[in-house]
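Participant: Okay, here's the structure, questions in a sec.
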Amino acid sequence: MQPADPGQTPTPSESPYPGGRCVSPLNEDVAPAAPGEFAALEVGPLRVWPPVVLAPMAGVTNLPFRQLCREYGAGLYVSEMITARGFLMGNRLSVLLASSDPSESPRSVQVYGSDPKDLGEMVRALVDEGVDHLDINLGCPVPKVTRSGNGSAIPVKPRLVARLLRAMVANAGDVPVTVKMRKGIDDDLLTYLETGRVAQEEGIAAVGLHGRTAAQLYSGEADWDAIAALKQAVDIPVLGNGDIWECWDALRMMRQTGCDGVIVGRGCLGRPWLFQELAEVFDGRIPANPPTLGEAVDVMVRHAERLVEFFGELHGMRQMRKWVAWYSKGFAGSASLRGRMAELERLDQLRPLFAELDLSEPFPRRALRVGRAKGSKKQKVKLPDGYLDQRDDDTPPKGPHSLAEIEAWERSLQGG
Ligand SMILES: Cc1cc2nc3c(=O)[nH]c(=O)nc-3n(C[C@H](O)[C@H](O)[C@H](O)COP(=O)(O)O)c2cc1C
């Protein structure tokens with residue numbers, strides 16, 4: 001599928017989809033944006049149209065994938081989280097993942113760290129490199145991270161949040177800094193409204209809320225009412241996040257919550273064309289239907305070529321294994337790829353994987369809302385002993401220090 005040709009939508013009578021459109025029953029009656037219905041998202045000096053942000057995703061939103069998504073649509077495409085300590089110590093992978101290309105504009109990096117000094121230094125270094133947007137991750141639910149008071153444990157301590165944000169904003173100059181968070185630890189310990197207020201006081205340009213607690217991980221449905229409540233509680237722009245699987249969900253989320261923009265995560269895994277569909281509906285048009293299997297394979301090959309160029313053939317093709325599963329999700333015969341995918345090590349092995357499949361198969365409607373990358377389990381969030389007795393404390397938690405610790409830490413984040 002090449003960027004935008006909405007004229008190609010088949011007439012209902014020749015279409016494989018009911019009514020001619022590949023849309024789930026939930027969204028059948030959702031209308032594209034009316035003229036002037038939504039404004040561009042303003043993040044400091046940046047004006048983002050459509051108001052769509054690619055979610056930071058570890059192991060996913062590297063430069064090759066961001067470039068691929070950008071070719072389809074428009075918006076803000078955020079890097080995966082980069083650990084401040086790893087970046088500052090020159091850890092090869094952290095530096096590579098934070099890197100960009102002159103064609104990438106605006107350039108956006110998500111930072112992860114819990115030491116104000118590290119965050120300040122990293123922000124200054126990235127600003128000197130010409131970054132256009134910085135985000136801090138306050139929502140990571142991985143047990144290894146929360147157990148030491150990091151990640152989604154940080155918002156439990158509002159004074160610590162304030163210290164971290166202040167250090168970033170003070171070093172960012174005119175570059176806008178945003179926050180991404182979850183609702184809280186669990187239903188009994190919700191922190192998002194307070195964190196939103198602290199963010200506003202500290203000069204944060206926008207707050208993004210994933211409508212789940214850390215205990216929920218990725219289970220259940222995202223709570224869009226919480227996004228609406230945050231919008232009521234702060235004056236800075238609010239970005240809603242959670243369960244945007246179809247472009248129509250983005251419109252529904254904005255209409256229902258009043259949020260200023262949306263963050264799209266798992267919905268685009270193996271579906272970079274979702275950004276084209278989003279651009280279309282925000283501009284008031286009905287998008288073309290998604291690609292057939294053969295067209296999806298062409299996109300996959302382009303994706304693989306970019307990963308190979310960026311990471312080298314072996315590392316790039318090993319990453320492609322998960323992408324093959326996501327791109328082929330729901331197509332007939334995709335299960336037969338599973339065993340062979342694990343052997344992918346060279347670019348020329350990719351196309352032959354699909355040789356036996358029917359490349360004319362239309363995109364399966366049932367795959368639109370199927371979860372990718374994360375399961376449906378929940379967890380009991382691990383916090384340091386006595387953590388909840390010291391909520392007024394602003395002492396930064398201990399993070400990884402040696403390069404070996406940082407590498408182990410980053411491996412666990414890839415799972416988060
Ligand atoms: C594979 C994967 C990696 C993720 N890595 C990060 C990350 O690096 N930083 C972050 O803030 N959130 C991360 N997340 C969470 C997403 O940014 C997003 O908040 C979450 O997936 C909910 O949005 P969705 O329902 O659209 O997927 C990750 C999610 C996935 C699926």
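Residues in the structure tokens are numbered from 1 in each chain, the chains being A, B, ... in the order shown, and ligands are numbered from 1 in the order shown.
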Using DSSP secondary structure from the backbone, list all strand (DSSP E or B) positions within region 47-105 of chain A, as a list in words.

Facilitator: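 The strand (DSSP E or B) subset of region 47-105 of chain A is Arg47, Val48, Val52, Val53, Leu54, Leu76, Tyr77, Val78, Ser79, Glu80, Met81, Ile82 and Thr83 of chain A.
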
Participant: Need to verify the contact set: Phe354 (chain A), 10 Å, only C-alpha atoms, exclusion of same-chain residues closer than 3 positions in sequence. Can you return it as a list of chain:residue names?

Facilitator: A:Leu293, A:Gly294, A:Val297, A:Ser328, A:Gly333, A:Ser334, A:Ser336, A:Leu337, A:Gln349, A:Leu350, A:Arg351, A:Leu357, A:Asp358, A:Leu359

Participant: Separation of CA of Thr146 (chain A) and CA of Lys380 (chain A), in Å?

Facilitator: 10.9 Å

Participant: Looking only at the backbone, which of the residues in region 194-312 of chain A does DSSP tag as alpha helix (DSSP H), as a PyMOL selection string?

Facilitator: chain A and resi 194-201+224-233+247-257+274-282+293-311

Participant: Would you work out the distance separating CA of Pro102 (chain A) from CA of Gly73 (chain A), expressed in Å to one decimal?

Facilitator: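 Calculated distance between CA of Pro102 (chain A) and CA of Gly73 (chain A) is 18.2 Å.
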
Participant: Just want the 10 Å neighbourhood of Asp385 (chain A), counted on only C-alpha atoms, with same-chain residues fewer than 3 positions away dropped. Output as a list in words.

Facilitator: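 So the residues in contact are Arg147, Ser148, Gly149, Lys382, Leu388 and Asp389 of chain A.
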
Participant: Listing only residues of chain A within 8 Å of ligand 1, what is the closest atom pair and its distance in Å (to one decimal) for each, using only C-alpha atoms and all ligand atoms, sorted by chain and residue number ascending, as a Markdown table?

Facilitator:
```
| residue | atom | partner | partner_atom_place_in_ligand_line | distance |
| --- | --- | --- | --- | --- |
| A:Ala55 | CA | ligand 1 | 17 (O) | 4.3 |
| A:Pro56 | CA | ligand 1 | 9 (N) | 4.6 |
| A:Met57 | CA | ligand 1 | 5 (N) | 3.2 |
| A:Ala58 | CA | ligand 1 | 5 (N) | 3.9 |
| A:Gly59 | CA | ligand 1 | 1 (C) | 6.4 |
| A:Val60 | CA | ligand 1 | 1 (C) | 6.3 |
| A:Ser79 | CA | ligand 1 | 8 (O) | 7.8 |
| A:Glu80 | CA | ligand 1 | 8 (O) | 4.4 |
| A:Met81 | CA | ligand 1 | 8 (O) | 4.1 |
| A:Ile82 | CA | ligand 1 | 8 (O) | 7.6 |
| A:Gln110 | CA | ligand 1 | 9 (N) | 7.0 |
| A:Ile136 | CA | ligand 1 | 11 (O) | 7.5 |
| A:Asn137 | CA | ligand 1 | 11 (O) | 4.7 |
| A:Leu138 | CA | ligand 1 | 11 (O) | 7.0 |
| A:Gly139 | CA | ligand 1 | 11 (O) | 6.0 |
| A:Cys140 | CA | ligand 1 | 10 (C) | 6.4 |
| A:Lys180 | CA | ligand 1 | 11 (O) | 5.8 |
| A:Met181 | CA | ligand 1 | 11 (O) | 7.1 |
| A:Arg182 | CA | ligand 1 | 19 (O) | 7.8 |
| A:Leu209 | CA | ligand 1 | 19 (O) | 7.7 |
| A:His210 | CA | ligand 1 | 19 (O) | 5.1 |
| A:Gly211 | CA | ligand 1 | 22 (C) | 7.8 |
| A:Tyr218 | CA | ligand 1 | 22 (C) | 7.1 |
| A:Ala222 | CA | ligand 1 | 25 (O) | 7.1 |
| A:Asn241 | CA | ligand 1 | 23 (O) | 5.3 |
| A:Gly242 | CA | ligand 1 | 25 (O) | 3.4 |
| A:Asp243 | CA | ligand 1 | 25 (O) | 3.7 |
| A:Ile244 | CA | ligand 1 | 26 (O) | 5.1 |
| A:Trp245 | CA | ligand 1 | 26 (O) | 6.9 |
| A:Ile263 | CA | ligand 1 | 26 (O) | 6.5 |
| A:Val264 | CA | ligand 1 | 26 (O) | 4.4 |
| A:Gly265 | CA | ligand 1 | 26 (O) | 3.4 |
| A:Arg266 | CA | ligand 1 | 27 (O) | 3.7 |
| A:Gly267 | CA | ligand 1 | 26 (O) | 5.7 |
| A:Arg372 | CA | ligand 1 | 31 (C) | 7.0 |
| A:Ala373 | CA | ligand 1 | 31 (C) | 5.3 |
| A:Lys374 | CA | ligand 1 | 31 (C) | 5.7 |
| A:Leu413 | CA | ligand 1 | 8 (O) | 7.3 |
| A:Gln414 | CA | ligand 1 | 3 (C) | 6.4 |
| A:Gly415 | CA | ligand 1 | 1 (C) | 6.9 |
| A:Gly416 | CA | ligand 1 | 4 (C) | 5.7 |
```

Participant: Go ahead and save the picked residues with C-alpha atoms, as an mmCIF file, in the first residue's frame.

Facilitator:
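Output file result_14.cif is given in full below:
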```
data_model
loop_
_atom_site.group_PDB
_atom_site.id
_atom_site.type_symbol
_atom_site.label_atom_id
_atom_site.label_comp_id
_atom_site.auth_asym_id
_atom_site.auth_seq_id
_atom_site.Cartn_x
_atom_site.Cartn_y
_atom_site.Cartn_z
ATOM 1 C CA ALA A 55 3.478 6.052 21.434
ATOM 2 C CA PRO A 56 6.990 5.434 22.667
ATOM 3 C CA MET A 57 7.435 1.652 22.606
ATOM 4 C CA ALA A 58 10.616 -0.124 23.685
ATOM 5 C CA GLY A 59 11.948 -2.420 20.983
ATOM 6 C CA VAL A 60 9.517 -0.873 18.480
ATOM 7 C CA SER A 79 11.415 7.353 20.223
ATOM 8 C CA GLU A 80 11.325 4.429 22.576
ATOM 9 C CA MET A 81 12.432 5.220 26.121
ATOM 10 C CA ILE A 82 16.127 5.904 26.460
ATOM 11 C CA GLN A 110 11.408 9.788 25.364
ATOM 12 C CA ILE A 136 9.535 11.562 30.295
ATOM 13 C CA ASN A 137 8.229 8.105 31.035
ATOM 14 C CA LEU A 138 6.530 7.956 34.438
ATOM 15 C CA GLY A 139 4.477 4.858 33.674
ATOM 16 C CA CYS A 140 6.776 1.848 33.288
ATOM 17 C CA LYS A 180 3.548 10.193 29.957
ATOM 18 C CA MET A 181 1.972 8.328 32.839
ATOM 19 C CA ARG A 182 -0.547 5.716 33.886
ATOM 20 C CA LEU A 209 -2.371 9.485 30.140
ATOM 21 C CA HIS A 210 -2.537 5.748 29.464
ATOM 22 C CA GLY A 211 -5.924 4.912 30.985
ATOM 23 C CA TYR A 218 -2.375 -4.117 29.373
ATOM 24 C CA ALA A 222 -8.458 1.588 28.903
ATOM 25 C CA ASN A 241 -3.839 6.915 25.328
ATOM 26 C CA GLY A 242 -5.198 3.391 25.359
ATOM 27 C CA ASP A 243 -6.987 1.145 22.886
ATOM 28 C CA ILE A 244 -6.853 3.136 19.680
ATOM 29 C CA TRP A 245 -6.990 0.190 17.300
ATOM 30 C CA ILE A 263 -1.263 8.562 21.515
ATOM 31 C CA VAL A 264 -1.358 5.391 19.405
ATOM 32 C CA GLY A 265 0.485 2.300 20.638
ATOM 33 C CA ARG A 266 -0.245 -1.344 19.855
ATOM 34 C CA GLY A 267 -2.752 -0.533 17.095
ATOM 35 C CA ARG A 372 -0.375 -7.259 19.854
ATOM 36 C CA ALA A 373 2.861 -7.469 21.854
ATOM 37 C CA LYS A 374 1.279 -7.695 25.296
ATOM 38 C CA LEU A 413 12.383 -2.629 29.888
ATOM 39 C CA GLN A 414 12.050 -4.152 26.443
ATOM 40 C CA GLY A 415 9.553 -6.460 28.094
ATOM 41 C CA GLY A 416 7.595 -3.547 29.598
#
```

Participant: Which residues come within 8 Å of Leu76 (chain A), counting only C-alpha atoms, excluding same-chain residues fewer than 6 positions away, as a list in words?

Facilitator: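 The residues that qualify are Val48, Val52, Val53, Leu54, Pro106 and Ser108 of chain A.
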
Participant: Which polymer residues have any atom within 12 Å of an atom of Gly330 (chain A), counting only C-alpha atoms, with same-chain residues fewer than 3 positions away left out, as JSON, numbers by chain?

Facilitator: {"A": [270, 292, 293, 324, 325, 326, 327, 333, 334, 335, 336, 337, 361, 362, 363, 364, 365, 366, 367, 368, 369, 370, 371, 372]}

Participant: If we count only C-alpha atoms and set the cut-off at 12 Å, which residues sit around Ser402 (chain A), ignoring sequence neighbours fewer than 2 positions away in its own chain? Please answer as a list in words.

Facilitator: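 Counting only C-alpha atoms, the residues come to Arg85, Gly86, Leu88, Met89, Gly90, Asn91, Gly399, Pro400, Ala404, Glu405, Ile406, Glu407, Ala408 and Trp409 of chain A.
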
Participant: Between CA of Asn27 (chain A) and CA of Ser15 (chain A), what distance in Å does the model show, to one decimal?

Facilitator: 17.9 Å

Participant: Within 9 Å of Leu126 (chain A), counting only C-alpha atoms, which residues show up once you throw out same-chain ones fewer than 5 positions away? Write them as an mmCIF file with N, CA and C atoms, in the first residue's frame, please.

Facilitator:
```cif
data_model
loop_
_atom_site.group_PDB
_atom_site.id
_atom_site.type_symbol
_atom_site.label_atom_id
_atom_site.label_comp_id
_atom_site.auth_asym_id
_atom_site.auth_seq_id
_atom_site.Cartn_x
_atom_site.Cartn_y
_atom_site.Cartn_z
ATOM 1 N N ALA A 98 18.750 6.625 20.599
ATOM 2 C CA ALA A 98 18.415 8.054 20.734
ATOM 3 C C ALA A 98 18.749 8.818 19.465
ATOM 4 N N VAL A 109 12.209 12.546 21.541
ATOM 5 C CA VAL A 109 12.869 11.473 22.304
ATOM 6 C C VAL A 109 12.178 11.305 23.651
ATOM 7 N N GLU A 121 21.207 16.620 32.544
ATOM 8 C CA GLU A 121 22.347 16.492 31.620
ATOM 9 C C GLU A 121 21.921 15.894 30.288
ATOM 10 N N VAL A 131 17.190 18.328 19.269
ATOM 11 C CA VAL A 131 15.900 17.640 19.458
ATOM 12 C C VAL A 131 14.768 18.678 19.550
ATOM 13 N N ASP A 132 13.568 18.290 19.101
ATOM 14 C CA ASP A 132 12.438 19.238 19.080
ATOM 15 C C ASP A 132 11.419 18.987 20.183
ATOM 16 N N LEU A 134 10.760 16.522 24.005
ATOM 17 C CA LEU A 134 11.226 15.526 24.970
ATOM 18 C C LEU A 134 10.045 15.070 25.808
ATOM 19 N N ALA A 172 15.844 22.494 29.201
ATOM 20 C CA ALA A 172 15.279 22.265 27.865
ATOM 21 C C ALA A 172 15.183 23.541 27.035
#
```
